[in-house]
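J.: For reference, this is target_4.cif, and it has mmCIF, C-alpha atoms.
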```cif
data_target
#
loop_
_atom_site.label_atom_id
_atom_site.label_comp_id
_atom_site.auth_asym_id
_atom_site.auth_seq_id
_atom_site.Cartn_x
_atom_site.Cartn_y
_atom_site.Cartn_z
CA MET A 476 -50.50 340.17 185.99
CA ALA A 477 -51.32 336.69 184.73
CA PRO A 478 -48.29 334.45 184.26
CA ILE A 479 -46.87 333.93 180.80
CA VAL A 480 -48.24 330.78 179.21
CA LEU A 481 -45.69 328.34 177.80
CA TYR A 482 -46.82 325.67 175.35
CA THR A 483 -44.19 322.96 175.13
CA THR A 484 -43.44 319.28 175.69
CA ARG A 485 -41.48 317.74 178.54
CA ARG A 486 -38.68 316.38 176.42
CA THR A 487 -38.03 319.06 173.82
CA PRO A 488 -34.69 320.81 174.50
CA ALA A 489 -36.02 324.13 173.25
CA GLY A 490 -38.89 324.16 175.72
CA ARG A 491 -36.57 323.22 178.55
CA ALA A 492 -34.37 326.22 177.66
CA VAL A 493 -37.36 328.51 178.14
CA GLU A 494 -38.22 326.89 181.47
CA ILE A 495 -34.62 327.22 182.70
CA THR A 496 -34.41 330.85 181.61
CA ALA A 497 -37.61 331.69 183.45
CA LYS A 498 -36.29 329.90 186.54
CA MET A 499 -33.02 331.84 186.37
CA ILE A 500 -34.76 335.21 186.31
CA GLY A 501 -37.51 334.36 188.81
CA LEU A 502 -40.32 334.49 186.26
CA GLU A 503 -43.48 332.44 186.78
CA LEU A 504 -44.74 330.43 183.83
CA ASP A 505 -48.03 328.65 183.28
CA VAL A 506 -46.59 325.57 181.57
CA LYS A 507 -48.95 323.61 179.35
CA PHE A 508 -47.43 320.35 178.12
CA MET A 509 -48.78 319.37 174.72
CA ASP A 510 -49.20 315.95 173.12
CA LEU A 511 -47.87 316.31 169.59
CA THR A 512 -48.91 312.75 168.72
CA LYS A 513 -52.50 313.95 169.13
CA LYS A 514 -51.81 316.92 166.81
CA GLU A 515 -52.52 319.41 169.57
CA HIS A 516 -50.11 321.79 167.84
CA MET A 517 -52.18 321.67 164.65
CA THR A 518 -55.43 323.03 166.05
CA GLU A 519 -56.88 326.22 164.61
CA GLU A 520 -56.38 327.97 167.95
CA PHE A 521 -52.69 327.06 168.15
CA LEU A 522 -51.99 327.89 164.52
CA LYS A 523 -53.33 331.40 165.11
CA MET A 524 -50.64 331.81 167.77
CA ASN A 525 -47.90 330.08 165.81
CA PRO A 526 -48.39 329.37 162.09
CA LEU A 527 -45.18 327.29 162.16
CA HIS A 528 -46.93 324.93 164.66
CA THR A 529 -43.76 324.49 166.72
CA VAL A 530 -43.03 324.29 170.40
CA PRO A 531 -42.13 326.11 172.49
CA THR A 532 -44.56 328.95 172.03
CA ILE A 533 -45.39 331.53 174.69
CA VAL A 534 -48.22 333.97 175.15
CA ASP A 535 -47.38 337.08 177.14
CA GLY A 536 -50.62 338.96 177.66
CA ASP A 537 -51.99 339.05 174.13
CA VAL A 538 -48.59 338.62 172.45
CA PRO A 539 -47.68 335.16 171.11
CA LEU A 540 -44.00 334.42 170.43
CA TYR A 541 -42.24 331.34 169.13
CA ASP A 542 -38.72 329.95 168.60
CA SER A 543 -36.90 329.29 171.85
CA HIS A 544 -33.97 331.57 171.02
CA ALA A 545 -36.25 334.52 170.32
CA ILE A 546 -38.27 333.72 173.44
CA ILE A 547 -35.36 333.53 175.89
CA ILE A 548 -33.86 336.79 174.60
CA TYR A 549 -37.28 338.43 174.95
CA LEU A 550 -37.82 337.14 178.48
CA VAL A 551 -34.41 338.27 179.72
CA SER A 552 -34.59 341.63 177.95
CA LYS A 553 -38.04 342.38 179.37
CA TYR A 554 -38.10 340.72 182.78
CA ALA A 555 -34.59 340.06 184.12
CA LYS A 556 -33.31 342.36 186.86
CA ASP A 557 -29.94 342.67 185.13
CA ASP A 558 -28.32 341.83 181.80
CA LYS A 559 -25.96 339.07 182.99
CA LEU A 560 -27.57 336.36 180.87
CA TYR A 561 -27.64 338.54 177.74
CA PRO A 562 -25.31 341.52 178.22
CA LYS A 563 -26.04 344.75 176.36
CA ASP A 564 -22.51 344.81 174.95
CA LEU A 565 -22.96 344.18 171.22
CA VAL A 566 -19.86 342.04 170.80
CA THR A 567 -20.96 339.77 173.65
CA GLN A 568 -24.46 339.60 172.21
CA ALA A 569 -23.07 338.63 168.81
CA ARG A 570 -21.02 335.84 170.38
CA ILE A 571 -24.04 334.57 172.30
CA ASN A 572 -26.14 334.72 169.14
CA ALA A 573 -23.52 332.64 167.33
CA MET A 574 -23.86 329.93 169.98
CA LEU A 575 -27.66 330.09 169.73
CA HIS A 576 -27.28 329.40 166.02
CA LEU A 577 -24.92 326.54 166.85
CA GLU A 578 -27.65 325.07 169.04
CA SER A 579 -30.39 325.39 166.42
CA GLY A 580 -28.34 324.69 163.32
CA VAL A 581 -26.06 321.95 164.61
CA LEU A 582 -26.88 320.48 168.03
CA PHE A 583 -30.67 320.29 167.86
CA ALA A 584 -30.67 319.82 164.09
CA ARG A 585 -28.52 316.70 164.39
CA LEU A 586 -30.56 315.36 167.29
CA ARG A 587 -33.75 315.86 165.34
CA GLY A 588 -32.22 314.44 162.16
CA LEU A 589 -31.48 311.18 163.96
CA LEU A 590 -34.72 310.88 165.92
CA GLU A 591 -37.32 311.84 163.33
CA PRO A 592 -36.87 308.75 161.09
CA ILE A 593 -37.26 306.56 164.18
CA PHE A 594 -40.21 308.35 165.72
CA TYR A 595 -42.15 309.16 162.56
CA LYS A 596 -40.95 306.92 159.71
CA GLY A 597 -40.56 303.54 161.38
CA CYS A 598 -36.76 303.31 161.14
CA ALA A 599 -35.53 300.44 163.32
CA GLU A 600 -31.81 301.25 163.35
CA LEU A 601 -29.65 304.18 164.39
CA PRO A 602 -28.16 305.55 161.16
CA GLN A 603 -24.36 305.58 161.48
CA ASP A 604 -23.93 308.76 159.45
CA LYS A 605 -26.31 310.58 161.77
CA MET A 606 -24.43 309.33 164.81
CA ASP A 607 -21.14 310.43 163.24
CA GLY A 608 -22.63 313.89 162.84
CA ILE A 609 -23.47 314.01 166.54
CA TYR A 610 -19.92 313.10 167.56
CA ASN A 611 -18.65 315.76 165.17
CA ALA A 612 -20.94 318.25 166.93
CA TYR A 613 -19.25 317.36 170.22
CA ASP A 614 -15.91 318.24 168.63
CA LEU A 615 -17.29 321.64 167.61
CA VAL A 616 -18.43 322.39 171.15
CA GLU A 617 -15.10 321.16 172.55
CA GLY A 618 -13.31 323.61 170.29
CA SER A 619 -15.67 326.43 171.25
CA LEU A 620 -14.99 326.08 174.98
CA GLN A 621 -12.20 328.60 175.45
CA SER A 622 -13.20 329.31 179.06
CA ASP A 623 -15.55 327.87 181.67
CA TYR A 624 -18.57 328.86 179.58
CA LEU A 625 -19.36 329.21 175.90
CA VAL A 626 -19.11 333.00 175.99
CA GLY A 627 -16.78 334.52 178.58
CA ASN A 628 -16.46 333.50 182.19
CA SER A 629 -20.08 333.49 183.30
CA LEU A 630 -23.31 331.73 182.44
CA THR A 631 -25.29 333.25 179.55
CA LEU A 632 -28.20 332.33 177.33
CA ALA A 633 -25.68 330.54 175.11
CA ASP A 634 -25.13 327.96 177.84
CA ILE A 635 -28.80 327.67 178.77
CA SER A 636 -29.79 327.00 175.19
CA CYS A 637 -26.96 324.65 174.27
CA CYS A 638 -27.04 322.64 177.49
CA THR A 639 -30.52 321.32 176.79
CA SER A 640 -29.65 319.75 173.45
CA LEU A 641 -26.24 318.69 174.75
CA SER A 642 -27.74 316.91 177.76
CA SER A 643 -30.14 315.02 175.49
CA LEU A 644 -27.40 314.13 173.02
CA HIS A 645 -24.96 313.08 175.75
CA THR A 646 -27.58 310.88 177.42
CA LEU A 647 -28.47 309.16 174.15
CA PHE A 648 -24.94 309.01 172.74
CA PRO A 649 -22.34 309.72 175.45
CA ALA A 650 -19.41 311.89 174.46
CA ASP A 651 -15.93 310.39 174.84
CA ALA A 652 -14.27 311.98 177.88
CA GLY A 653 -10.88 311.27 176.35
CA LYS A 654 -11.70 313.19 173.17
CA CYS A 655 -13.88 315.90 174.71
CA PRO A 656 -12.65 316.53 178.27
CA LYS A 657 -13.67 320.20 178.23
CA LEU A 658 -17.20 319.31 177.15
CA ILE A 659 -17.59 316.74 179.93
CA ALA A 660 -16.25 319.18 182.54
CA TYR A 661 -18.53 321.88 181.15
CA LEU A 662 -21.66 319.75 181.53
CA LYS A 663 -20.69 318.87 185.09
CA ARG A 664 -20.15 322.57 185.81
CA LEU A 665 -23.61 323.45 184.51
CA GLU A 666 -25.15 320.84 186.81
CA GLN A 667 -23.88 322.96 189.70
CA VAL A 668 -24.88 326.43 188.49
CA ILE A 669 -28.22 325.94 186.74
CA PRO A 670 -31.13 325.61 189.19
CA ASP A 671 -33.07 322.35 188.93
CA TYR A 672 -30.68 321.11 186.24
CA HIS A 673 -31.40 317.54 187.27
CA GLU A 674 -35.13 317.87 186.65
CA PHE A 675 -34.94 319.98 183.50
CA ASN A 676 -32.10 318.14 181.80
CA THR A 677 -31.06 314.85 183.42
CA VAL A 678 -34.53 313.45 184.14
CA ARG A 679 -36.11 314.58 180.91
CA ALA A 680 -33.17 313.45 178.79
CA GLN A 681 -33.53 310.04 180.40
CA GLU A 682 -37.21 310.08 179.48
CA ALA A 683 -36.21 310.73 175.87
CA ASN A 684 -33.70 307.90 175.99
CA THR A 685 -36.33 305.48 177.31
CA TYR A 686 -38.77 306.55 174.62
CA LEU A 687 -36.12 306.11 171.91
CA LYS A 688 -35.41 302.54 173.01
CA LEU A 689 -39.12 301.72 173.06
CA LYS A 690 -39.61 303.13 169.56
CA LEU A 691 -36.65 301.19 168.19
CA GLU A 692 -38.03 297.95 169.63
CA GLU A 693 -41.50 298.76 168.36
CA ASN A 694 -40.18 299.51 164.87
CA LYS A 695 -38.19 296.28 164.75
CA LYS A 696 -41.39 294.29 165.27
CA LYS A 697 -43.15 295.87 162.32
#
```
Once more with this new file: its structure as structure tokens, please.
T.:
Amino acid sequence: MAPIVLYTTRRTPAGRAVEITAKMIGLELDVKFMDLTKKEHMTEEFLKMNPLHTVPTIVDGDVPLYDSHAIIIYLVSKYAKDDKLYPKDLVTQARINAMLHLESGVLFARLRGLLEPIFYKGCAELPQDKMDGIYNAYDLVEGSLQSDYLVGNSLTLADISCCTSLSSLHTLFPADAGKCPKLIAYLKRLEQVIPDYHEFNTVRAQEANTYLKLKLEENKKK
């Protein structure tokens, strides 16, 4: 069987969540990094697969799927040898789903809300209200950590999804260890239990940080 094709970018948290999930369940991916600045996601071929023209998008056989949360649930449900990452218990699933919505509706949304004006609209400053929203998001995660992981006492898709945006946010705008000690300990814990965490999260978050600084300097010269 041909490997599943993943269309993504190196830095996007959502794509990294798909890569980590595949790594966790021993699934081979054919990863194709796209250049969004060249509108590679707006081609007729890509729009047929994903009319929302977003990454990540996968193609499994002749089935295209998009949205990282839908993708990682699909991959685990179809290909994982057990249900540890997304247990069949409906209450546990609901709690994981709530954290997936936290990632998309709060963590990534606030990251994107801060970066888009800089990357696409020429903004040369970091908006304080956007930064305040990010630190507020850290408080929400801090309050959600009632155990070692976001849902229960073992790693689930909730952690895999949230850790990608959190690692990017924390690299760009470090959380205060005094205010969010559980969050800091949680991120350190994930470094130990997620395979290739350094490559997927630390290295690529640093790439995003470098790119942000370059864009800010570039915008200031305009």
J.: Quick one: everything within 6 Å of segment 574-590 of chain A, counting only C-alpha atoms, minus sequence neighbours fewer than 3 positions away in the same chain. Send it as a list of chain:residue names.
T.: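 Counting only the stated atoms, we get A:Ile571, A:Ile593, A:Lys605, A:Ala633, A:Cys637, A:Ser640.
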J.: Need the shell around Leu504 of chain A: protein/DNA/RNA residues with any atom at most 12 Å away, counting only C-alpha atoms. Skip same-chain ones fewer than 6 positions apart. Format as a PyMOL selection string?
T.: chain A and resi 476-483+490+493-498+532-535+550
J.: Restricting the calculation to all atoms listed in the file, which member of A:Lys553, A:Arg486, A:Asn525, A:Ala492 is positioned closest to Asn684 of chain A?
T.: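 Counting all atoms listed in the file, the residue closest to Asn684 of chain A is A:Arg486.
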J.: To test your reading of the syntax: which residues would the PyMOL selection byres ((chain A and resi 694) around 10) return for the file shown? Reply as a VMD selection string.
T.: chain A and resid 593 to 594 596 to 600 688 to 693 695 to 697
J.: Once the PyMOL selection byres ((chain A and resi 639) around 8) has been evaluated on this model, what residues remain selected, and can you format them as a short mmCIF file (atom, residue, chain, number, x, y, z; two decimals) with C-alpha atoms, in the coordinates of the input?
T.:
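Wrote result02.cif, looks like this:
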```cif
data_model
loop_
_atom_site.label_atom_id
_atom_site.label_comp_id
_atom_site.auth_asym_id
_atom_site.auth_seq_id
_atom_site.Cartn_x
_atom_site.Cartn_y
_atom_site.Cartn_z
CA PRO A 488 -34.69 320.81 174.50
CA ALA A 489 -36.02 324.13 173.25
CA ARG A 491 -36.57 323.22 178.55
CA ALA A 492 -34.37 326.22 177.66
CA ILE A 635 -28.80 327.67 178.77
CA SER A 636 -29.79 327.00 175.19
CA CYS A 637 -26.96 324.65 174.27
CA CYS A 638 -27.04 322.64 177.49
CA SER A 640 -29.65 319.75 173.45
CA LEU A 641 -26.24 318.69 174.75
CA SER A 642 -27.74 316.91 177.76
CA SER A 643 -30.14 315.02 175.49
CA ASN A 676 -32.10 318.14 181.80
#
```
J.: Any idea what's packed within 12 Å of Pro656 of chain A, counting only C-alpha atoms, ignoring anything in its chain fewer than 6 positions away? Could you give it as a PDB file with C-alpha atoms, keeping the file's coordinate frame?
T.:
```pdb
ATOM      1  CA  TYR A 613     -19.250 317.360 170.220  1.00  0.00           C
ATOM      2  CA  ASP A 614     -15.910 318.240 168.630  1.00  0.00           C
ATOM      3  CA  VAL A 616     -18.430 322.390 171.150  1.00  0.00           C
ATOM      4  CA  GLU A 617     -15.100 321.160 172.550  1.00  0.00           C
ATOM      5  CA  GLY A 618     -13.310 323.610 170.290  1.00  0.00           C
ATOM      6  CA  LEU A 620     -14.990 326.080 174.980  1.00  0.00           C
ATOM      7  CA  ALA A 650     -19.410 311.890 174.460  1.00  0.00           C
ATOM      8  CA  LEU A 662     -21.660 319.750 181.530  1.00  0.00           C
ATOM      9  CA  LYS A 663     -20.690 318.870 185.090  1.00  0.00           C
TER      10      LYS A 663
END
```
J.: With all atoms listed in the file as the atoms that count, which of A:Leu511, A:Ile669, A:Ala652, A:Ile500 lies nearest to Ile548 of chain A?
T.: A:Ile500
J.: Give me, please, the distance in Å between atom CA of Ser622 of chain A and atom CA of Lys657 of chain A, quoted to one decimal.
T.: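 One can read the atom CA of Ser622 of chain A to atom CA of Lys657 of chain A distance as 9.2 Å.
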J.: Could you state the separation of atom CA of Leu644 of chain A and atom CA of His528 of chain A in Å, given to one decimal place?
T.: 23.8 Å
J.: What is the distance between atom CA of Glu515 of chain A and atom CA of Thr529 of chain A, in Å to one decimal?
T.: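 Between atom CA of Glu515 of chain A and atom CA of Thr529 of chain A the gap is 10.5 Å.
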J.: Applied to this file, what does the PyMOL selection byres ((chain A and resi 629) around 12) return in terms of residues, put as a list of chain:residue names?
T.: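 Evaluating the PyMOL selection byres ((chain A and resi 629) around 12) on these coordinates yields A:Asp558, A:Lys559, A:Leu560, A:Tyr561, A:Pro562, A:Thr567, A:Ile571, A:Ser622, A:Asp623, A:Tyr624, A:Leu625, A:Val626, A:Gly627, A:Asn628, A:Leu630, A:Thr631, A:Leu632, A:Ala633, A:Asp634, A:Ile635, A:Tyr661, A:Arg664, A:Leu665, A:Val668, A:Ile669.
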J.: Using only C-alpha atoms, which of A:Arg570, A:Lys523, A:His673, A:Lys563 sits nearest Val538 of chain A?
T.: A:Lys523
J.: Would you mind writing segment 518-529 of chain A with all heavy atoms, as a short mmCIF file (atom, residue, chain, number, x, y, z; two decimals), in the coordinates of the input?
T.:
```cif
data_model
loop_
_atom_site.label_atom_id
_atom_site.label_comp_id
_atom_site.auth_asym_id
_atom_site.auth_seq_id
_atom_site.Cartn_x
_atom_site.Cartn_y
_atom_site.Cartn_z
N THR A 518 -54.08 322.51 165.91
CA THR A 518 -55.43 323.03 166.05
C THR A 518 -55.51 324.45 165.50
O THR A 518 -54.49 325.16 165.42
CB THR A 518 -55.87 323.04 167.51
OG1 THR A 518 -55.04 323.95 168.25
CG2 THR A 518 -55.78 321.65 168.14
N GLU A 519 -56.69 324.87 165.14
CA GLU A 519 -56.88 326.22 164.61
C GLU A 519 -56.44 327.27 165.63
O GLU A 519 -55.80 328.27 165.28
CB GLU A 519 -58.35 326.42 164.25
CG GLU A 519 -58.66 327.79 163.65
CD GLU A 519 -60.12 327.95 163.27
OE1 GLU A 519 -60.87 326.96 163.34
OE2 GLU A 519 -60.51 329.08 162.90
N GLU A 520 -56.75 327.02 166.90
CA GLU A 520 -56.38 327.97 167.95
C GLU A 520 -54.86 328.11 168.06
O GLU A 520 -54.34 329.22 168.15
CB GLU A 520 -56.94 327.50 169.29
CG GLU A 520 -56.59 328.42 170.45
CD GLU A 520 -57.09 327.88 171.78
OE1 GLU A 520 -57.54 326.72 171.83
OE2 GLU A 520 -57.01 328.61 172.78
N PHE A 521 -54.15 326.98 168.02
CA PHE A 521 -52.69 327.06 168.15
C PHE A 521 -52.05 327.68 166.92
O PHE A 521 -51.11 328.46 167.02
CB PHE A 521 -52.11 325.67 168.41
CG PHE A 521 -50.66 325.71 168.82
CD1 PHE A 521 -50.31 326.00 170.13
CD2 PHE A 521 -49.65 325.47 167.90
CE1 PHE A 521 -48.97 326.06 170.51
CE2 PHE A 521 -48.31 325.52 168.26
CZ PHE A 521 -47.98 325.82 169.58
N LEU A 522 -52.56 327.35 165.74
CA LEU A 522 -51.99 327.89 164.52
C LEU A 522 -52.16 329.41 164.42
O LEU A 522 -51.35 330.08 163.77
CB LEU A 522 -52.62 327.21 163.30
CG LEU A 522 -52.21 325.74 163.10
CD1 LEU A 522 -53.05 325.11 162.00
CD2 LEU A 522 -50.73 325.64 162.79
N LYS A 523 -53.18 329.94 165.07
CA LYS A 523 -53.33 331.40 165.11
C LYS A 523 -52.20 332.03 165.92
O LYS A 523 -51.74 333.12 165.62
CB LYS A 523 -54.68 331.77 165.72
CG LYS A 523 -55.87 331.54 164.79
CD LYS A 523 -57.18 331.93 165.46
CE LYS A 523 -58.35 331.70 164.54
NZ LYS A 523 -59.65 332.05 165.19
N MET A 524 -51.76 331.31 166.96
CA MET A 524 -50.64 331.81 167.77
C MET A 524 -49.31 331.60 167.07
O MET A 524 -48.41 332.44 167.14
CB MET A 524 -50.62 331.09 169.13
CG MET A 524 -51.81 331.36 170.02
SD MET A 524 -51.58 330.65 171.66
CE MET A 524 -51.66 328.87 171.30
N ASN A 525 -49.17 330.45 166.41
CA ASN A 525 -47.90 330.08 165.81
C ASN A 525 -48.16 329.32 164.51
O ASN A 525 -48.38 328.11 164.53
CB ASN A 525 -47.09 329.21 166.79
CG ASN A 525 -45.76 328.76 166.20
OD1 ASN A 525 -45.45 329.02 165.05
ND2 ASN A 525 -44.97 328.09 167.02
N PRO A 526 -48.12 330.02 163.38
CA PRO A 526 -48.39 329.37 162.09
C PRO A 526 -47.35 328.32 161.72
O PRO A 526 -47.59 327.51 160.82
CB PRO A 526 -48.40 330.52 161.09
CG PRO A 526 -47.64 331.62 161.76
CD PRO A 526 -47.90 331.47 163.22
N LEU A 527 -46.20 328.32 162.41
CA LEU A 527 -45.18 327.29 162.16
C LEU A 527 -45.47 326.01 162.93
O LEU A 527 -44.76 325.02 162.79
CB LEU A 527 -43.79 327.82 162.53
CG LEU A 527 -43.31 329.07 161.79
CD1 LEU A 527 -41.89 329.42 162.23
CD2 LEU A 527 -43.38 328.89 160.28
N HIS A 528 -46.49 326.05 163.79
CA HIS A 528 -46.93 324.93 164.66
C HIS A 528 -45.76 324.23 165.34
O HIS A 528 -45.63 323.01 165.32
CB HIS A 528 -47.82 323.94 163.90
CG HIS A 528 -47.30 323.47 162.57
ND1 HIS A 528 -46.36 322.47 162.46
CD2 HIS A 528 -47.60 323.86 161.30
CE1 HIS A 528 -46.10 322.26 161.18
NE2 HIS A 528 -46.83 323.08 160.46
N THR A 529 -44.91 325.03 165.99
CA THR A 529 -43.76 324.49 166.72
C THR A 529 -43.90 324.79 168.22
O THR A 529 -44.62 325.71 168.62
CB THR A 529 -42.46 325.13 166.23
OG1 THR A 529 -42.54 326.57 166.33
CG2 THR A 529 -42.17 324.75 164.79
#
```
